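Chemist: I am sharing model_32.pdb, which consists of PDB, C-alpha atoms:
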```pdb
ATOM      1  CA  ALA J   1      -8.402  16.159 -10.444
ATOM      2  CA  ALA J   2      -4.999  14.754  -9.540
ATOM      3  CA  ALA J   3      -3.836  14.667  -5.939
ATOM      4  CA  ARG J   4      -1.186  17.254  -5.077
ATOM      5  CA  PRO J   5       0.850  17.402  -1.857
ATOM      6  CA  GLU J   6      -0.101  21.023  -1.179
ATOM      7  CA  ARG J   7      -3.836  20.587  -1.708
ATOM      8  CA  PRO J   8      -5.905  20.757   1.499
ATOM      9  CA  ALA J   9      -7.670  17.637   2.668
ATOM     10  CA  ARG J  10     -11.230  17.172   1.479
ATOM     11  CA  SER J  11     -12.175  15.715   4.818
ATOM     12  CA  LEU J  12     -10.565  14.338   7.950
ATOM     13  CA  HIS J  13     -12.507  11.447   9.430
ATOM     14  CA  THR J  14     -10.575  10.801  12.635
ATOM     15  CA  MET J  15      -9.330  12.851  15.552
ATOM     16  CA  SER J  16      -5.630  13.356  16.241
ATOM     17  CA  GLY J  17      -5.822  10.982  19.234
ATOM     18  CA  ASP J  18      -6.962   8.046  17.135
ATOM     19  CA  ILE J  19      -4.608   5.108  16.715
ATOM     20  CA  VAL J  20      -4.821   5.239  12.905
ATOM     21  CA  LEU J  21      -5.673   8.518  11.193
ATOM     22  CA  PHE J  22      -7.762   8.386   8.022
ATOM     23  CA  GLU J  23      -7.761  11.294   5.601
ATOM     24  CA  LYS J  24      -9.183  11.784   2.120
ATOM     25  CA  ARG J  25      -7.464  13.955  -0.484
ATOM     26  CA  GLY J  26      -9.383  13.799  -3.719
ATOM     27  CA  HIS J  27      -9.447  10.142  -4.701
ATOM     28  CA  VAL J  28      -6.544   9.318  -2.364
ATOM     29  CA  ALA J  29      -6.917   7.870   1.151
ATOM     30  CA  ILE J  30      -4.129   8.376   3.695
ATOM     31  CA  PHE J  31      -3.808   5.892   6.565
ATOM     32  CA  THR J  32      -1.426   7.241   9.221
ATOM     33  CA  LEU J  33      -0.127   4.938  11.951
ATOM     34  CA  ASN J  34      -0.473   7.040  15.079
ATOM     35  CA  ARG J  35       1.144   5.466  18.136
ATOM     36  CA  PRO J  36       4.259   7.670  18.204
ATOM     37  CA  LYS J  37       5.096   7.020  21.871
ATOM     38  CA  ALA J  38       5.156   3.283  21.141
ATOM     39  CA  MET J  39       6.994   3.776  17.798
ATOM     40  CA  ASN J  40       3.777   2.641  16.059
ATOM     41  CA  ALA J  41       4.110  -0.853  17.497
ATOM     42  CA  VAL J  42       1.164  -2.945  16.354
ATOM     43  CA  SER J  43      -1.426  -3.682  19.041
ATOM     44  CA  GLY J  44      -4.766  -5.408  18.772
ATOM     45  CA  GLU J  45      -6.489  -2.027  18.731
ATOM     46  CA  LEU J  46      -4.323  -0.757  15.861
ATOM     47  CA  SER J  47      -4.946  -3.923  13.844
ATOM     48  CA  LYS J  48      -8.699  -3.712  14.387
ATOM     49  CA  ARG J  49      -8.817  -0.039  13.399
ATOM     50  CA  MET J  50      -6.688  -0.525  10.283
ATOM     51  CA  GLY J  51      -8.931  -3.379   9.206
ATOM     52  CA  GLU J  52     -12.037  -1.213   9.651
ATOM     53  CA  LEU J  53     -10.502   1.614   7.640
ATOM     54  CA  LEU J  54      -9.428  -0.712   4.829
ATOM     55  CA  GLU J  55     -13.023  -1.968   4.659
ATOM     56  CA  ALA J  56     -14.231   1.634   4.307
ATOM     57  CA  PHE J  57     -11.542   2.345   1.689
ATOM     58  CA  GLU J  58     -12.531  -0.648  -0.419
ATOM     59  CA  ALA J  59     -16.242   0.201  -0.172
ATOM     60  CA  ASP J  60     -15.854   3.863  -1.186
ATOM     61  CA  ASP J  61     -16.099   4.267  -4.979
ATOM     62  CA  GLU J  62     -14.577   7.749  -4.700
ATOM     63  CA  LEU J  63     -11.328   6.405  -3.212
ATOM     64  CA  TRP J  64      -8.970   4.886  -5.784
ATOM     65  CA  ILE J  65      -5.506   4.794  -4.164
ATOM     66  CA  GLY J  66      -4.261   4.494  -0.585
ATOM     67  CA  ILE J  67      -1.118   5.654   1.206
ATOM     68  CA  VAL J  68       0.158   4.176   4.481
ATOM     69  CA  ALA J  69       2.228   6.690   6.459
ATOM     70  CA  SER J  70       3.467   7.340  10.006
ATOM     71  CA  SER J  71       2.997  10.167  12.505
ATOM     72  CA  HIS J  72       6.443   9.453  14.006
ATOM     73  CA  PRO J  73       9.223  11.553  12.429
ATOM     74  CA  LYS J  74      11.858   8.811  12.702
ATOM     75  CA  VAL J  75       9.960   5.508  12.728
ATOM     76  CA  PHE J  76       7.468   4.051  10.279
ATOM     77  CA  CYS J  77       6.673   1.040  12.468
ATOM     78  CA  ALA J  78       8.810  -0.946  14.924
ATOM     79  CA  GLY J  79       6.774  -4.144  14.535
ATOM     80  CA  ALA J  80       4.617  -5.977  17.035
ATOM     81  CA  ASP J  81       3.747  -4.509  20.430
ATOM     82  CA  LEU J  82       5.586  -6.908  22.737
ATOM     83  CA  LYS J  83       3.686  -5.614  25.760
ATOM     84  CA  ALA J  84       0.417  -6.501  24.022
ATOM     85  CA  ILE J  85       1.786  -9.959  23.203
ATOM     86  CA  SER J  86       2.860 -10.439  26.836
ATOM     87  CA  ARG J  87      -0.772  -9.773  27.786
ATOM     88  CA  ARG J  88      -1.760 -12.495  25.275
ATOM     89  CA  GLU J  89      -3.533  -9.866  23.186
ATOM     90  CA  ASN J  90      -4.397 -10.861  19.622
ATOM     91  CA  ILE J  91      -2.608  -8.359  17.379
ATOM     92  CA  SER J  92      -4.050  -9.712  14.136
ATOM     93  CA  THR J  93      -7.479  -9.672  12.537
ATOM     94  CA  GLU J  94      -9.186 -12.614  10.908
ATOM     95  CA  LYS J  95      -9.534 -10.869   7.548
ATOM     96  CA  GLY J  96      -6.355  -8.824   7.382
ATOM     97  CA  GLY J  97      -3.884 -10.657   9.585
ATOM     98  CA  PHE J  98      -1.075  -8.761  11.326
ATOM     99  CA  ALA J  99      -1.836  -5.018  11.611
ATOM    100  CA  GLY J 100      -5.145  -5.717   9.872
ATOM    101  CA  ILE J 101      -3.364  -5.305   6.535
ATOM    102  CA  VAL J 102      -0.807  -7.986   5.584
ATOM    103  CA  HIS J 103      -3.333 -10.294   3.926
ATOM    104  CA  PHE J 104      -6.350  -8.017   3.658
ATOM    105  CA  PRO J 105      -8.078  -8.877   0.332
ATOM    106  CA  ARG J 106      -7.558  -5.512  -1.347
ATOM    107  CA  THR J 107      -8.376  -4.561  -4.919
ATOM    108  CA  LYS J 108      -7.025  -0.987  -4.780
ATOM    109  CA  PRO J 109      -3.338  -0.022  -4.820
ATOM    110  CA  LEU J 110      -1.484   1.019  -1.671
ATOM    111  CA  ILE J 111       1.714   3.078  -1.443
ATOM    112  CA  ALA J 112       3.916   2.943   1.664
ATOM    113  CA  ALA J 113       5.380   6.344   2.636
ATOM    114  CA  VAL J 114       8.395   5.501   4.804
ATOM    115  CA  ASP J 115      10.459   7.951   6.857
ATOM    116  CA  GLY J 116      12.790   6.238   9.317
ATOM    117  CA  ALA J 117      12.785   2.629  10.478
ATOM    118  CA  ALA J 118      10.447  -0.059   9.131
ATOM    119  CA  LEU J 119      11.496  -3.089  11.133
ATOM    120  CA  ALA J 120      10.104  -6.585  11.730
ATOM    121  CA  GLY J 121       6.323  -6.348  11.325
ATOM    122  CA  GLY J 122       6.788  -2.755  10.184
ATOM    123  CA  CYS J 123       8.773  -3.991   7.202
ATOM    124  CA  GLU J 124       6.059  -6.571   6.562
ATOM    125  CA  ILE J 125       3.435  -3.813   6.460
ATOM    126  CA  VAL J 126       5.564  -2.148   3.771
ATOM    127  CA  LEU J 127       5.842  -5.477   1.939
ATOM    128  CA  SER J 128       2.051  -5.736   1.854
ATOM    129  CA  CYS J 129       1.858  -2.462  -0.098
ATOM    130  CA  ASP J 130       2.201  -2.272  -3.885
ATOM    131  CA  MET J 131       4.732   0.571  -4.084
ATOM    132  CA  VAL J 132       7.159   2.291  -1.733
ATOM    133  CA  VAL J 133       8.295   5.896  -1.435
ATOM    134  CA  ALA J 134      11.082   6.193   1.143
ATOM    135  CA  SER J 135      13.231   8.984   2.471
ATOM    136  CA  LYS J 136      16.991   8.686   2.714
ATOM    137  CA  ALA J 137      16.490   8.321   6.484
ATOM    138  CA  ALA J 138      14.498   5.103   6.037
ATOM    139  CA  ARG J 139      15.805   1.611   6.670
ATOM    140  CA  PHE J 140      14.182  -1.771   6.314
ATOM    141  CA  GLY J 141      14.829  -4.922   8.302
ATOM    142  CA  VAL J 142      13.445  -8.214   9.565
ATOM    143  CA  PRO J 143      15.452  -8.915  12.746
ATOM    144  CA  GLU J 144      13.285 -11.820  13.910
ATOM    145  CA  VAL J 145      16.079 -14.447  13.742
ATOM    146  CA  LYS J 146      17.935 -12.483  16.429
ATOM    147  CA  ARG J 147      15.117 -13.558  18.791
ATOM    148  CA  SER J 148      14.665 -17.123  17.473
ATOM    149  CA  LEU J 149      11.666 -16.071  15.396
ATOM    150  CA  VAL J 150      10.929 -15.719  11.676
ATOM    151  CA  PRO J 151       9.097 -12.915   9.811
ATOM    152  CA  ALA J 152       5.844 -14.858   9.477
ATOM    153  CA  ALA J 153       3.597 -11.915   8.512
ATOM    154  CA  GLY J 154       4.614 -12.161   4.851
ATOM    155  CA  GLY J 155       8.321 -11.451   5.045
ATOM    156  CA  LEU J 156       9.463 -15.005   4.359
ATOM    157  CA  PHE J 157       7.916 -15.093   0.891
ATOM    158  CA  ARG J 158       7.435 -11.446  -0.053
ATOM    159  CA  LEU J 159      11.072 -10.438   0.419
ATOM    160  CA  PRO J 160      12.335 -13.093  -2.061
ATOM    161  CA  ARG J 161       9.656 -11.978  -4.534
ATOM    162  CA  LYS J 162      10.592  -8.292  -4.323
ATOM    163  CA  LEU J 163      14.380  -8.518  -4.021
ATOM    164  CA  PRO J 164      17.195 -10.496  -5.641
ATOM    165  CA  SER J 165      17.452 -13.870  -3.896
ATOM    166  CA  ALA J 166      20.842 -13.230  -2.283
ATOM    167  CA  ILE J 167      19.738  -9.854  -0.869
ATOM    168  CA  ALA J 168      16.518 -11.329   0.516
ATOM    169  CA  MET J 169      18.556 -14.102   2.126
ATOM    170  CA  GLU J 170      20.940 -11.546   3.616
ATOM    171  CA  MET J 171      18.034  -9.736   5.247
ATOM    172  CA  LEU J 172      16.308 -12.894   6.445
ATOM    173  CA  LEU J 173      19.415 -14.666   7.788
ATOM    174  CA  THR J 174      21.399 -11.778   9.302
ATOM    175  CA  GLY J 175      18.424  -9.801  10.574
ATOM    176  CA  ASP J 176      20.385  -6.636   9.803
ATOM    177  CA  PRO J 177      18.601  -3.604   8.326
ATOM    178  CA  ILE J 178      19.286  -2.241   4.841
ATOM    179  CA  SER J 179      19.297   1.427   3.915
ATOM    180  CA  ALA J 180      16.685   3.057   1.704
ATOM    181  CA  GLU J 181      19.389   3.899  -0.846
ATOM    182  CA  ARG J 182      20.341   0.244  -1.182
ATOM    183  CA  MET J 183      16.709  -0.856  -1.351
ATOM    184  CA  HIS J 184      16.105   1.726  -4.073
ATOM    185  CA  HIS J 185      19.049   0.306  -6.013
ATOM    186  CA  PHE J 186      17.429  -3.145  -5.920
ATOM    187  CA  GLY J 187      14.020  -1.840  -7.013
ATOM    188  CA  PHE J 188      12.243  -2.341  -3.683
ATOM    189  CA  VAL J 189      11.769   1.434  -3.306
ATOM    190  CA  ASN J 190      10.092   3.235  -6.210
ATOM    191  CA  SER J 191      11.122   6.746  -5.266
ATOM    192  CA  LEU J 192      13.857   8.001  -2.930
ATOM    193  CA  VAL J 193      13.247  11.420  -1.344
ATOM    194  CA  GLU J 194      14.781  13.702   1.251
ATOM    195  CA  PRO J 195      14.026  13.082   4.955
ATOM    196  CA  GLY J 196      10.573  14.296   5.913
ATOM    197  CA  LYS J 197       9.318  14.181   2.309
ATOM    198  CA  ALA J 198       8.021  10.594   2.083
ATOM    199  CA  LEU J 199       4.329  11.499   2.270
ATOM    200  CA  GLU J 200       4.802  14.300  -0.234
ATOM    201  CA  GLY J 201       6.561  11.881  -2.580
ATOM    202  CA  ALA J 202       3.823   9.280  -2.132
ATOM    203  CA  LEU J 203       1.151  11.859  -2.960
ATOM    204  CA  GLU J 204       3.061  12.786  -6.105
ATOM    205  CA  LEU J 205       3.189   9.132  -7.163
ATOM    206  CA  ALA J 206      -0.519   8.764  -6.337
ATOM    207  CA  SER J 207      -1.304  11.800  -8.515
ATOM    208  CA  ARG J 208       0.308  10.043 -11.493
ATOM    209  CA  ILE J 209      -1.918   7.014 -10.916
ATOM    210  CA  GLU J 210      -5.039   9.051 -10.155
ATOM    211  CA  VAL J 211      -5.267  10.540 -13.651
ATOM    212  CA  ASN J 212      -5.814   7.040 -15.057
ATOM    213  CA  ALA J 213      -9.037   5.047 -15.286
ATOM    214  CA  PRO J 214      -9.535   3.616 -11.759
ATOM    215  CA  LEU J 215     -11.026   0.294 -12.801
ATOM    216  CA  ALA J 216      -8.254  -0.269 -15.346
ATOM    217  CA  VAL J 217      -5.681   0.505 -12.648
ATOM    218  CA  ARG J 218      -7.370  -2.001 -10.344
ATOM    219  CA  GLU J 219      -7.521  -4.690 -13.034
ATOM    220  CA  ALA J 220      -3.871  -4.157 -13.971
ATOM    221  CA  ARG J 221      -2.787  -4.443 -10.349
ATOM    222  CA  ASN J 222      -4.867  -7.456  -9.478
ATOM    223  CA  VAL J 223      -4.083  -9.468 -12.603
ATOM    224  CA  ALA J 224      -0.360  -8.698 -12.309
ATOM    225  CA  ILE J 225      -0.401 -10.062  -8.758
ATOM    226  CA  ARG J 226      -2.394 -13.171  -9.654
ATOM    227  CA  ILE J 227      -0.210 -14.128 -12.620
ATOM    228  CA  GLU J 228       3.163 -13.332 -11.067
ATOM    229  CA  LEU J 229       3.951 -17.023 -10.626
ATOM    230  CA  ALA J 230       1.451 -18.431 -13.135
ATOM    231  CA  ASP J 231       2.196 -20.401 -16.297
ATOM    232  CA  ASP J 232       1.667 -18.750 -19.696
ATOM    233  CA  ALA J 233      -1.734 -20.351 -20.333
ATOM    234  CA  THR J 234      -3.106 -19.043 -17.033
ATOM    235  CA  ALA J 235      -1.545 -15.636 -17.627
ATOM    236  CA  TRP J 236      -3.166 -15.293 -21.067
ATOM    237  CA  LYS J 237      -6.553 -16.300 -19.658
ATOM    238  CA  GLU J 238      -6.292 -13.778 -16.813
ATOM    239  CA  SER J 239      -5.246 -11.024 -19.248
ATOM    240  CA  ASN J 240      -8.135 -11.712 -21.636
ATOM    241  CA  ASP J 241     -10.673 -11.988 -18.807
ATOM    242  CA  SER J 242      -9.476  -8.649 -17.468
ATOM    243  CA  MET J 243     -10.051  -6.915 -20.814
ATOM    244  CA  ARG J 244     -13.518  -8.462 -21.089
ATOM    245  CA  ARG J 245     -14.440  -7.113 -17.650
ATOM    246  CA  LEU J 246     -13.234  -3.620 -18.560
ATOM    247  CA  ALA J 247     -15.199  -3.698 -21.844
ATOM    248  CA  LYS J 248     -18.410  -3.756 -19.790
ATOM    249  CA  THR J 249     -17.639  -0.457 -18.001
ATOM    250  CA  PRO J 250     -18.410   3.166 -18.986
ATOM    251  CA  ASP J 251     -14.747   4.163 -18.640
ATOM    252  CA  PHE J 252     -13.764   1.669 -21.362
ATOM    253  CA  PHE J 253     -15.566   3.892 -23.888
ATOM    254  CA  GLU J 254     -14.701   7.201 -22.187
ATOM    255  CA  GLY J 255     -10.950   6.807 -22.763
ATOM    256  CA  PRO J 256     -11.059   6.581 -26.588
ATOM    257  CA  LYS J 257     -13.858   9.181 -26.741
ATOM    258  CA  ALA J 258     -11.846  11.705 -24.711
ATOM    259  CA  PHE J 259      -8.819  11.082 -26.937
ATOM    260  CA  ALA J 260     -10.881  11.658 -30.105
ATOM    261  CA  GLU J 261     -12.401  14.841 -28.620
ATOM    262  CA  LYS J 262      -8.972  16.073 -27.460
ATOM    263  CA  ARG J 263      -9.991  16.548 -23.839
ATOM    264  CA  PRO J 264      -9.067  14.987 -20.479
ATOM    265  CA  PRO J 265     -11.113  11.849 -19.697
ATOM    266  CA  ARG J 266     -13.865  12.042 -17.094
ATOM    267  CA  TRP J 267     -13.575   8.755 -15.239
ATOM    268  CA  THR J 268     -16.595   7.406 -13.349
ATOM    269  CA  GLY J 269     -15.040   4.362 -11.702
ATOM    270  CA  LYS J 270     -18.343   2.539 -12.186
ATOM    271  CA  ALA J 271     -18.141  -1.184 -12.725
ATOM    272  CA  LYS J 272     -21.134  -1.536 -15.077
ATOM    273  CA  LEU J 273     -22.705   0.297 -18.015
TER     274      LEU J 273
END
```
Turn this file's structure into structure tokens for me.
Modeler:
Amino acid sequence: AAARPERPARSLHTMSGDIVLFEKRGHVAIFTLNRPKAMNAVSGELSKRMGELLEAFEADDELWIGIVASSHPKVFCAGADLKAISRRENISTEKGGFAGIVHFPRTKPLIAAVDGAALAGGCEIVLSCDMVVASKAARFGVPEVKRSLVPAAGGLFRLPRKLPSAIAMEMLLTGDPISAERMHHFGFVNSLVEPGKALEGALELASRIEVNAPLAVREARNVAIRIELADDATAWKESNDSMRRLAKTPDFFEGPKAFAEKRPPRWTGKAKL
């Protein structure tokens, strides 16, 4: 069944005091950054926990889509925890990098649900996601140059890939934030919603993905990412290899069968016949 914002959670796997909350709603996992007093600044503990939860997400065949949200009503994430850095604390993980997420080797899609500010490393967490639902109260920025730094957790190359070159340069060189409305205009934000409705909007987007065959969704995502900068020959090979992999799964046959029988498909998400 598709995920709906009003549907109760199937299970809640963490307590409210945990640094990242992890909730399952149908086939959707919700990761909630939960350091509101520190504006969700990324510490070593947060990075470690996010990495552990992403491992669990990837390993669970019943979870098909993820959402990254915030428990703070006005801030998605303010970036790195400078106090942790001053203590020489490692705020990255070996597998996932900054926040345990920016280069985690995912195969499943992630949606960022952004209410309020996503700045510095917080913006780079958003950039690591595949889609963005933002409220009109959201803003995005990489202010690192104001402190003689650069956004080295993916911002330097992901912003130019996701925005027109001049707009990416504006963000990188001025360090000034850009509103959610403007980011929606440039295609960075998929869906613009009212303040306080980002998670609800992300769940609605997830529900539209959830009705589709999960392995096909995964293949489409992963091949699209791999061939983004590839030449045509590589792109054709990746596309054909993807179809061959899907042809070996039960869901490959279930889709046409359900269509012929005029019923909704019953996806298994299993990788082999």
Chemist: Find the residues around range 226-239 of chain J up to 12 Å (all atoms listed in the file counted), leave out those fewer than 3 positions away in its own chain, and share them as a ChimeraX atom specification.
Modeler: /J:107,158,161-162,216,219-223,242-246
Chemist: Taking into account all atoms listed in the file, which residue in the set J:Gly66, J:His185, J:Leu119, J:His72 is nearest to Gly26 in chain J?
Modeler: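 Using all atoms listed in the file, the shortest distance to Gly26 in chain J belongs to J:Gly66.
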Chemist: Measuring atom to atom with all atoms listed in the file, identify which of J:Cys129, J:Ile91, J:Ala213, J:Leu21 is nearest to Lys48 in chain J.
Modeler: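 That would be J:Ile91, the residue with the smallest distance to Lys48 in chain J.
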Chemist: Apply the PyMOL selection byres ((chain J and resi 74-88) around 9) to the structure shown and report the selected residues as a ChimeraX atom specification.
Modeler: /J:33,36,38-44,69-73,89-91,98-99,113-125,137-138,196
Chemist: Could you tell me how far CA of Phe259 in chain J sits from CA of Pro214 in chain J, in Å to one decimal place?
Modeler: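 So the two atoms, CA of Pro214 in chain J and CA of Phe259 in chain J, lie 16.9 Å apart.
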Chemist: Could you work out how far CA of Asp130 in chain J lies from CA of Pro250 in chain J, giving the answer in Å with one decimal?
Modeler: 26.1 Å
Chemist: Can you tell me, as a ChimeraX atom specification, what residues are no more than 10 Å from Val145 in chain J when counting all atoms listed in the file, ignoring any on the same chain fewer than 5 positions away?
Modeler: /J:150-151,171-176
Chemist: Take every atom of range 47-63 of chain J listed in the file, fit an axis-aligned box around them, add 4 Å per side, and give the centre and edge lengths in Å to one decimal as AutoDock Vina command-line options.
Modeler:
```
--center_x -10.6 --center_y 1.9 --center_z 4.7 --size_x 19.3 --size_y 19.7 --size_z 27.4
```
Chemist: Separation of CA of Glu144 in chain J and CA of Ile67 in chain J, in Å?
Modeler: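 Distance reported for this atom pair: 26.0 Å.
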Chemist: May I have the residues within 10 Å of Pro105 in chain J as number ranges by chain, using all atoms listed in the file and disregarding those fewer than 5 positions away in the same chain?
Modeler: J: 54-55, 58, 95-96
Chemist: To test your reading of the syntax: which residues would the PyMOL selection byres ((chain J and resi 62) around 9) return for the file shown? Reply as a list in words.
Modeler: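 The output of the PyMOL selection byres ((chain J and resi 62) around 9) on this file is Gly26, His27, Val28, Phe57, Ala59, Asp60, Asp61, Leu63, Trp64, Thr268 and Gly269 of chain J.
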Chemist: Between J:Ile30, J:Ala56, J:Ala260, J:Ala134, which is the closest to Asn190 in chain J once you count all atoms listed in the file?
Modeler: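 Closest to Asn190 in chain J of all the choices is J:Ala134.
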Chemist: Of the candidates J:Val142, J:Ile111, J:Leu46, J:Leu159, which one gets nearest to Pro177 in chain J if we count only C-alpha atoms?
Modeler: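 Nearest candidate to Pro177 in chain J out of J:Val142, J:Ile111, J:Leu46, J:Leu159: J:Val142.
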Chemist: Could you write out as JSON, numbers by chain the residues that the PyMOL selection byres ((chain J and resi 179) around 9) matches in the shown file?
Modeler: {"J": [136, 137, 138, 139, 140, 141, 177, 178, 180, 181, 182, 183, 184]}
Chemist: Rebuild range 240-254 of chain J to N, CA, C and O atoms - output it as a PDB file, keeping the file's coordinate frame, please.
Modeler:
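See selection.pdb below for the written result:
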```pdb
ATOM      1  N   ASN J 240      -6.945 -11.838 -20.786  1.00  0.00           N
ATOM      2  CA  ASN J 240      -8.135 -11.712 -21.636  1.00  0.00           C
ATOM      3  C   ASN J 240      -9.395 -11.491 -20.819  1.00  0.00           C
ATOM      4  O   ASN J 240     -10.254 -10.682 -21.191  1.00  0.00           O
ATOM      5  N   ASP J 241      -9.517 -12.188 -19.680  1.00  0.00           N
ATOM      6  CA  ASP J 241     -10.673 -11.988 -18.807  1.00  0.00           C
ATOM      7  C   ASP J 241     -10.720 -10.560 -18.272  1.00  0.00           C
ATOM      8  O   ASP J 241     -11.790  -9.950 -18.156  1.00  0.00           O
ATOM      9  N   SER J 242      -9.548 -10.018 -17.975  1.00  0.00           N
ATOM     10  CA  SER J 242      -9.476  -8.649 -17.468  1.00  0.00           C
ATOM     11  C   SER J 242      -9.996  -7.657 -18.503  1.00  0.00           C
ATOM     12  O   SER J 242     -10.774  -6.749 -18.181  1.00  0.00           O
ATOM     13  N   MET J 243      -9.590  -7.812 -19.758  1.00  0.00           N
ATOM     14  CA  MET J 243     -10.051  -6.915 -20.814  1.00  0.00           C
ATOM     15  C   MET J 243     -11.555  -7.039 -21.029  1.00  0.00           C
ATOM     16  O   MET J 243     -12.255  -6.043 -21.252  1.00  0.00           O
ATOM     17  N   ARG J 244     -12.075  -8.265 -20.929  1.00  0.00           N
ATOM     18  CA  ARG J 244     -13.518  -8.462 -21.089  1.00  0.00           C
ATOM     19  C   ARG J 244     -14.304  -7.760 -19.974  1.00  0.00           C
ATOM     20  O   ARG J 244     -15.361  -7.180 -20.218  1.00  0.00           O
ATOM     21  N   ARG J 245     -13.771  -7.805 -18.757  1.00  0.00           N
ATOM     22  CA  ARG J 245     -14.440  -7.113 -17.650  1.00  0.00           C
ATOM     23  C   ARG J 245     -14.444  -5.603 -17.873  1.00  0.00           C
ATOM     24  O   ARG J 245     -15.450  -4.925 -17.646  1.00  0.00           O
ATOM     25  N   LEU J 246     -13.320  -5.066 -18.317  1.00  0.00           N
ATOM     26  CA  LEU J 246     -13.234  -3.620 -18.560  1.00  0.00           C
ATOM     27  C   LEU J 246     -14.163  -3.182 -19.696  1.00  0.00           C
ATOM     28  O   LEU J 246     -14.722  -2.080 -19.662  1.00  0.00           O
ATOM     29  N   ALA J 247     -14.350  -4.038 -20.692  1.00  0.00           N
ATOM     30  CA  ALA J 247     -15.199  -3.698 -21.844  1.00  0.00           C
ATOM     31  C   ALA J 247     -16.654  -3.496 -21.455  1.00  0.00           C
ATOM     32  O   ALA J 247     -17.431  -2.916 -22.227  1.00  0.00           O
ATOM     33  N   LYS J 248     -17.036  -3.913 -20.262  1.00  0.00           N
ATOM     34  CA  LYS J 248     -18.410  -3.756 -19.790  1.00  0.00           C
ATOM     35  C   LYS J 248     -18.595  -2.501 -18.938  1.00  0.00           C
ATOM     36  O   LYS J 248     -19.657  -2.289 -18.369  1.00  0.00           O
ATOM     37  N   THR J 249     -17.570  -1.648 -18.856  1.00  0.00           N
ATOM     38  CA  THR J 249     -17.639  -0.457 -18.001  1.00  0.00           C
ATOM     39  C   THR J 249     -17.732   0.818 -18.828  1.00  0.00           C
ATOM     40  O   THR J 249     -17.244   0.877 -19.968  1.00  0.00           O
ATOM     41  N   PRO J 250     -18.341   1.882 -18.273  1.00  0.00           N
ATOM     42  CA  PRO J 250     -18.410   3.166 -18.986  1.00  0.00           C
ATOM     43  C   PRO J 250     -17.041   3.749 -19.324  1.00  0.00           C
ATOM     44  O   PRO J 250     -16.865   4.353 -20.386  1.00  0.00           O
ATOM     45  N   ASP J 251     -16.068   3.568 -18.418  1.00  0.00           N
ATOM     46  CA  ASP J 251     -14.747   4.163 -18.640  1.00  0.00           C
ATOM     47  C   ASP J 251     -14.019   3.548 -19.832  1.00  0.00           C
ATOM     48  O   ASP J 251     -13.139   4.178 -20.425  1.00  0.00           O
ATOM     49  N   PHE J 252     -14.377   2.325 -20.204  1.00  0.00           N
ATOM     50  CA  PHE J 252     -13.764   1.669 -21.362  1.00  0.00           C
ATOM     51  C   PHE J 252     -14.023   2.486 -22.628  1.00  0.00           C
ATOM     52  O   PHE J 252     -13.167   2.584 -23.516  1.00  0.00           O
ATOM     53  N   PHE J 253     -15.200   3.079 -22.719  1.00  0.00           N
ATOM     54  CA  PHE J 253     -15.566   3.892 -23.888  1.00  0.00           C
ATOM     55  C   PHE J 253     -15.141   5.351 -23.721  1.00  0.00           C
ATOM     56  O   PHE J 253     -14.889   6.053 -24.703  1.00  0.00           O
ATOM     57  N   GLU J 254     -15.057   5.802 -22.454  1.00  0.00           N
ATOM     58  CA  GLU J 254     -14.701   7.201 -22.187  1.00  0.00           C
ATOM     59  C   GLU J 254     -13.270   7.504 -22.611  1.00  0.00           C
ATOM     60  O   GLU J 254     -12.987   8.581 -23.142  1.00  0.00           O
TER      61      GLU J 254
END
```
